[in-house]
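Report on the following structure.
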Amino acid sequence: MLPFIRSDLADFSAYKPHPGSDTTQPVQHQNLDRLDTNESPDDLPSDLKRKLAWTYQEIIETNRYPDGGHQELKNAIAQYVNSSANILSPRFGSENISVGNGSDEIIRSLLIASCLGGEGAILIAKPTFSMYSILAKTLGVPVVEVGRNEENFEIDLSAAKKAIEDRKSVPVRTVFVVHPNSPTANPLTSSELEWLKSLPKNILVVIDEAYFEFSKNSLVNELVDKPNWAVLRTFSKAFRLASMRVGYCIANPELISVLEKIRLPYNLPSFSIAAALAAMQNQQVLLDSISQILQERDEIIASLSNNPMLKVWKSSANFVYLQLEEKSIDSHQHCLTYVAQELKKSGTLVRKLNKGLRITVGSKDENSRTLNRLQSVLSDLKLQS
């Protein structure tokens, strides 16, 4: 370590976007079915890409800074939030929206706003989205971890309540949940919601709705009565703009004003702003593909559920979580690694986790190939046991 670098950073590992790919070659050039990062299988329609190319050519001035206030985009997002929540009279306006360079930037801003300087710790329930913990640790914010029920992945609420009660010197100041959770694809239960609603107003509750368009289940209506709640969403999944890195936060205006103070100036490039606006203007066209993705997802689950070597859960998102049945295979962790590696060799990237595998729903052809490859790998594994 360089002598001027914080000593604790030596123990950190950087987030690896495609952990299943271990070469320096870009993943898109490896001729793989990339089912490890929960992206949409569909690119933008060609006519929309042409419109964006025209915008870049004729409208965007690359020698000028982008719109640092995001006012037009905030207005469009607020309209979408209202309509997607079936709110007839507008409840949310631009003052309720902050836009970030991906949801990651907003998560980091929320941590800075609530916990920095030894003022608070965060609470997460594992397994969940790893960036909450990674970003907190890079900022020197303590991370309190609790577990989940191994059958339905509900947060261990007794442990969560105790963790909050026991933290005295550095109290839990922020709780992060994903609705539905990644990697397990389960929505928040009524018990979890009741617990979140019971938390005092000095604890910030962050509900990450990255997969809202697939679950159709949102908590934005709760924000009216919950000034300590914030909802995160993204353009990276259903809106097919993963390469543009646009996320947003919906919250009460006071919290939004704090986030606006913290975020970096000109944090979104002009082309990303243009792409997000185009997505809002063409939302029906882009979201029409969701029904096909959900149908494919259900067919994947039905197919995998027939294999006695697998335990597969229902999904409210655009991915499927599964585990190997330990009673049929020895050395569970070794076998998980074997399955992920063999899938990669045959052409499919999936996300290997501590206890299971997460498979993104891809195109029909990608899904068909992956199911056949997985069946072949499991057959080979069974012969070895």
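How things are named: the first chain in the structure tokens is A, the next is B, and so on; residues count from 1 in each chain; ligands count from 1 in the order shown.
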Can you tell me, as a PyMOL selection string, which residues in segment 99-256 of chain A count as strand (DSSP E or B) by DSSP?
chain A and resi 99-101+121-125+143-146+148+155+172-178+204-208+229-234+246-251
Would you mind exporting the chosen residues as a CSV table (one decimal), in the first residue's frame, restricted to C-alpha atoms?
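Once written, part_37.csv looks like this:
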```csv
chain,number,residue,atom,x,y,z
A,99,VAL,CA,-30.9,11.9,-10.5
A,100,GLY,CA,-27.6,10.1,-10.2
A,101,ASN,CA,-24.9,8.4,-12.2
A,121,ALA,CA,-24.0,2.6,10.7
A,122,ILE,CA,-26.0,0.9,8.0
A,123,LEU,CA,-28.0,-2.3,8.4
A,124,ILE,CA,-28.4,-4.8,5.6
A,125,ALA,CA,-29.8,-8.4,5.4
A,143,VAL,CA,-21.9,-2.2,8.3
A,144,VAL,CA,-24.3,-4.3,10.5
A,145,GLU,CA,-25.3,-7.5,8.8
A,146,VAL,CA,-28.2,-9.8,9.7
A,148,ARG,CA,-32.5,-14.1,6.2
A,155,ILE,CA,-35.2,-10.7,6.8
A,172,VAL,CA,-27.9,2.3,12.9
A,173,ARG,CA,-28.8,5.4,10.9
A,174,THR,CA,-29.8,3.8,7.6
A,175,VAL,CA,-31.5,0.6,6.6
A,176,PHE,CA,-31.2,-0.7,3.0
A,177,VAL,CA,-33.7,-3.1,1.5
A,178,VAL,CA,-34.3,-4.2,-2.1
A,204,LEU,CA,-33.4,6.5,7.0
A,205,VAL,CA,-35.1,3.7,5.2
A,206,VAL,CA,-33.9,3.2,1.6
A,207,ILE,CA,-36.1,0.9,-0.6
A,208,ASP,CA,-34.3,0.0,-3.8
A,229,TRP,CA,-38.1,6.9,3.5
A,230,ALA,CA,-36.4,7.1,0.0
A,231,VAL,CA,-37.2,5.0,-3.0
A,232,LEU,CA,-34.5,4.2,-5.6
A,233,ARG,CA,-35.1,3.3,-9.2
A,234,THR,CA,-33.0,2.8,-12.3
A,246,VAL,CA,-28.9,6.8,-14.9
A,247,GLY,CA,-30.6,6.2,-11.6
A,248,TYR,CA,-33.0,8.3,-9.5
A,249,CYS,CA,-34.3,8.8,-6.0
A,250,ILE,CA,-37.8,9.6,-5.0
A,251,ALA,CA,-38.2,11.2,-1.6
```
Excluding segment 281-283 of chain A and its own-chain neighbours fewer than 3 positions away, which residues fall within 9 Å of it when counting only C-alpha atoms? Please give them as a compact mmCIF listing (two decimals) with N, CA and C atoms, in the first residue's frame.
```txt
# COMPACT_ATOMS: atom_id res chain seq x y z
N LEU A 48 -35.10 4.39 -32.39
CA LEU A 48 -34.79 5.23 -31.23
C LEU A 48 -33.29 5.49 -31.16
N ALA A 76 -39.96 14.73 -16.23
CA ALA A 76 -40.42 13.52 -16.93
C ALA A 76 -40.47 12.33 -15.98
N TYR A 80 -43.72 10.03 -14.69
CA TYR A 80 -43.71 8.56 -14.75
C TYR A 80 -44.00 7.95 -13.38
N PHE A 239 -35.70 -0.32 -18.74
CA PHE A 239 -35.59 0.71 -19.78
C PHE A 239 -34.38 0.53 -20.69
N ALA A 276 -32.14 9.04 -21.32
CA ALA A 276 -33.17 8.86 -20.29
C ALA A 276 -34.46 9.60 -20.67
N LEU A 277 -34.32 10.80 -21.23
CA LEU A 277 -35.51 11.52 -21.70
C LEU A 277 -36.21 10.75 -22.82
N ALA A 278 -35.43 10.19 -23.72
CA ALA A 278 -36.01 9.39 -24.81
C ALA A 278 -36.75 8.18 -24.26
N LEU A 286 -40.75 0.68 -24.88
CA LEU A 286 -39.67 -0.03 -24.19
C LEU A 286 -40.19 -1.04 -23.18
N LEU A 287 -41.28 -0.70 -22.52
CA LEU A 287 -41.80 -1.60 -21.48
C LEU A 287 -42.67 -2.72 -22.03
N ASP A 288 -42.99 -2.65 -23.32
CA ASP A 288 -43.80 -3.72 -23.93
C ASP A 288 -43.09 -5.07 -23.87
```
So how far away is atom CA of Ala85 of chain A from atom CA of Asn152 of chain A, in Å?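 Here the two named atoms are 26.5 Å from each other.
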- Task: Please indicate the distance in Å from atom CA of Glu325 of chain A to atom CA of Glu192 of chain A, rounded to one decimal place.
- Result: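 So the two atoms, atom CA of Glu325 of chain A and atom CA of Glu192 of chain A, lie 27.4 Å apart.
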Handout entry: Best match for closeness to Asn307 of chain A among A:Ser376, A:Thr138, A:Thr348, A:Asn267, counting only C-alpha atoms
Key =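 Of A:Ser376, A:Thr138, A:Thr348, A:Asn267, the one nearest Asn307 of chain A is A:Ser376, counting only C-alpha atoms.
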re atom CA of Leu324 of chain A and atom CA of Leu336 of chain A: distance 7.3 Å
10 Å contact set for Gln295 of chain A, only C-alpha atoms, chain neighbours under 4 positions out, as an mmCIF file with C-alpha atoms, in the first residue's frame:
```
data_model
loop_
_atom_site.group_PDB
_atom_site.id
_atom_site.type_symbol
_atom_site.label_atom_id
_atom_site.label_comp_id
_atom_site.auth_asym_id
_atom_site.auth_seq_id
_atom_site.Cartn_x
_atom_site.Cartn_y
_atom_site.Cartn_z
ATOM 1 C CA ILE A 290 -41.588 -7.006 -20.107
ATOM 2 C CA SER A 291 -44.451 -9.458 -20.666
ATOM 3 C CA GLU A 299 -40.799 -21.043 -18.207
ATOM 4 C CA ILE A 300 -37.231 -21.127 -16.856
ATOM 5 C CA VAL A 361 -33.663 -13.922 -17.958
ATOM 6 C CA LYS A 364 -35.585 -16.898 -25.857
#
```
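All residues of protein, DNA or RNA that reach within 12 Å of Thr55 of chain A, judged by only C-alpha atoms and not counting those fewer than 4 positions away in the chain, are Leu48, Lys49, Arg50, Lys51, Ile59, Ile60, Glu61, Thr62, Ser270, Phe271, Ser272, Ile273, Ala274, Ala275, Leu277 and Ala278 of chain A.
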Residues as selected, C-alpha atoms, written as a PDB file, in the first residue's frame, can you do that?
```
ATOM      1  CA  LEU A  48     -34.787   5.226 -31.232  1.00  0.00           C
ATOM      2  CA  LYS A  49     -31.040   4.709 -31.568  1.00  0.00           C
ATOM      3  CA  ARG A  50     -31.106   6.710 -34.784  1.00  0.00           C
ATOM      4  CA  LYS A  51     -32.968   9.536 -33.038  1.00  0.00           C
ATOM      5  CA  ILE A  59     -28.194  19.076 -30.543  1.00  0.00           C
ATOM      6  CA  ILE A  60     -25.486  18.115 -28.057  1.00  0.00           C
ATOM      7  CA  GLU A  61     -22.516  20.426 -27.871  1.00  0.00           C
ATOM      8  CA  THR A  62     -19.627  18.330 -26.617  1.00  0.00           C
ATOM      9  CA  SER A 270     -25.500  15.062 -21.922  1.00  0.00           C
ATOM     10  CA  PHE A 271     -25.972  11.855 -23.912  1.00  0.00           C
ATOM     11  CA  SER A 272     -27.149   9.959 -20.820  1.00  0.00           C
ATOM     12  CA  ILE A 273     -29.675  12.712 -20.102  1.00  0.00           C
ATOM     13  CA  ALA A 274     -30.877  12.555 -23.714  1.00  0.00           C
ATOM     14  CA  ALA A 275     -31.214   8.757 -23.553  1.00  0.00           C
ATOM     15  CA  LEU A 277     -35.508  11.524 -21.702  1.00  0.00           C
ATOM     16  CA  ALA A 278     -36.013   9.395 -24.811  1.00  0.00           C
TER      17      ALA A 278
END
```
Note to self: Just list as number ranges by chain whatever in segment 95-235 of chain A DSSP marks as helix (DSSP H, G or I).
What the structure shows: A: 95-96, 102-114, 131-138, 157-166, 190-198, 212-215, 220-224
| message | Excluding Leu353 of chain A and its own-chain neighbours fewer than 5 positions away, which residues fall within 10 Å of it when counting only C-alpha atoms? Please give them as a VMD selection string. | response | chain A and resid 127 183 321 323 333 336 to 337 340 358
Could you save the residues just selected, with C-alpha atoms, as a short mmCIF file (atom, residue, chain, number, x, y, z; two decimals), in the first residue's frame?
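That gives us result.cif:
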```
data_model
loop_
_atom_site.label_atom_id
_atom_site.label_comp_id
_atom_site.auth_asym_id
_atom_site.auth_seq_id
_atom_site.Cartn_x
_atom_site.Cartn_y
_atom_site.Cartn_z
CA PRO A 127 -27.69 -11.89 0.76
CA PRO A 183 -30.20 -12.00 -5.70
CA TYR A 321 -32.32 -17.71 -7.98
CA GLN A 323 -29.50 -23.58 -5.15
CA GLN A 333 -19.56 -24.83 -2.58
CA LEU A 336 -21.55 -24.44 -7.28
CA THR A 337 -18.17 -23.32 -8.58
CA ALA A 340 -20.70 -21.85 -12.92
CA ARG A 358 -28.52 -16.15 -10.04
#
```
Which residues, written as a list in words, have at least one atom at most 8 Å from Leu371 of chain A, with only C-alpha atoms counted and residues fewer than 2 positions away on the same chain left out?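 With the cut-off at 8 Å, the set is Ile300, Ser303, Leu304, Asn367, Ser368, Arg369, Arg373, Leu374 and Gln375 of chain A.
Of the residues under consideration (A:Leu255, A:Ala10, A:Leu88, A:Ala279), A:Ala279 shows the shortest atom-to-atom contact distance to Leu52 of chain A when counting only C-alpha atoms.
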Restricting to only C-alpha atoms, whichever of A:Asn217, A:Gln71, A:Gln284, A:Ser114 is closest to Ile262 of chain A is A:Ser114
Exercise: segment 38-46 of chain A partners within 7 Å, only C-alpha atoms, chain neighbours under 6 positions left out, as a ChimeraX atom specification: /A:236-238,240,242,318-319,360,362-363
Filtering to C-alpha atoms, could you give me those residues as a compact mmCIF listing (two decimals), in the first residue's frame?
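The resulting selection.txt:
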```txt
# COMPACT_ATOMS: atom_id res chain seq x y z
CA SER A 236 -30.55 0.18 -16.35
CA LYS A 237 -33.00 -2.73 -16.27
CA ALA A 238 -36.45 -2.49 -17.87
CA ARG A 240 -32.56 -0.95 -21.44
CA ALA A 242 -27.47 0.01 -18.57
CA ASN A 318 -36.06 -10.46 -14.28
CA PHE A 319 -33.81 -13.16 -12.84
CA THR A 360 -30.76 -13.37 -15.60
CA GLY A 362 -32.22 -13.46 -21.43
CA SER A 363 -33.64 -13.77 -24.91
```
Let me make sure I understand: among A:Ser169, A:Ser158, A:Ser243, A:Ser84, which one has the smallest atom-to-atom distance to Leu219 of chain A if we use only C-alpha atoms?
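Result for the nearest residue to Leu219 of chain A: A:Ser84.
The closest residue to Ser83 of chain A, picked from A:Met280, A:Leu349, A:Tyr338, A:Ile301 and counting only C-alpha atoms, is A:Met280.
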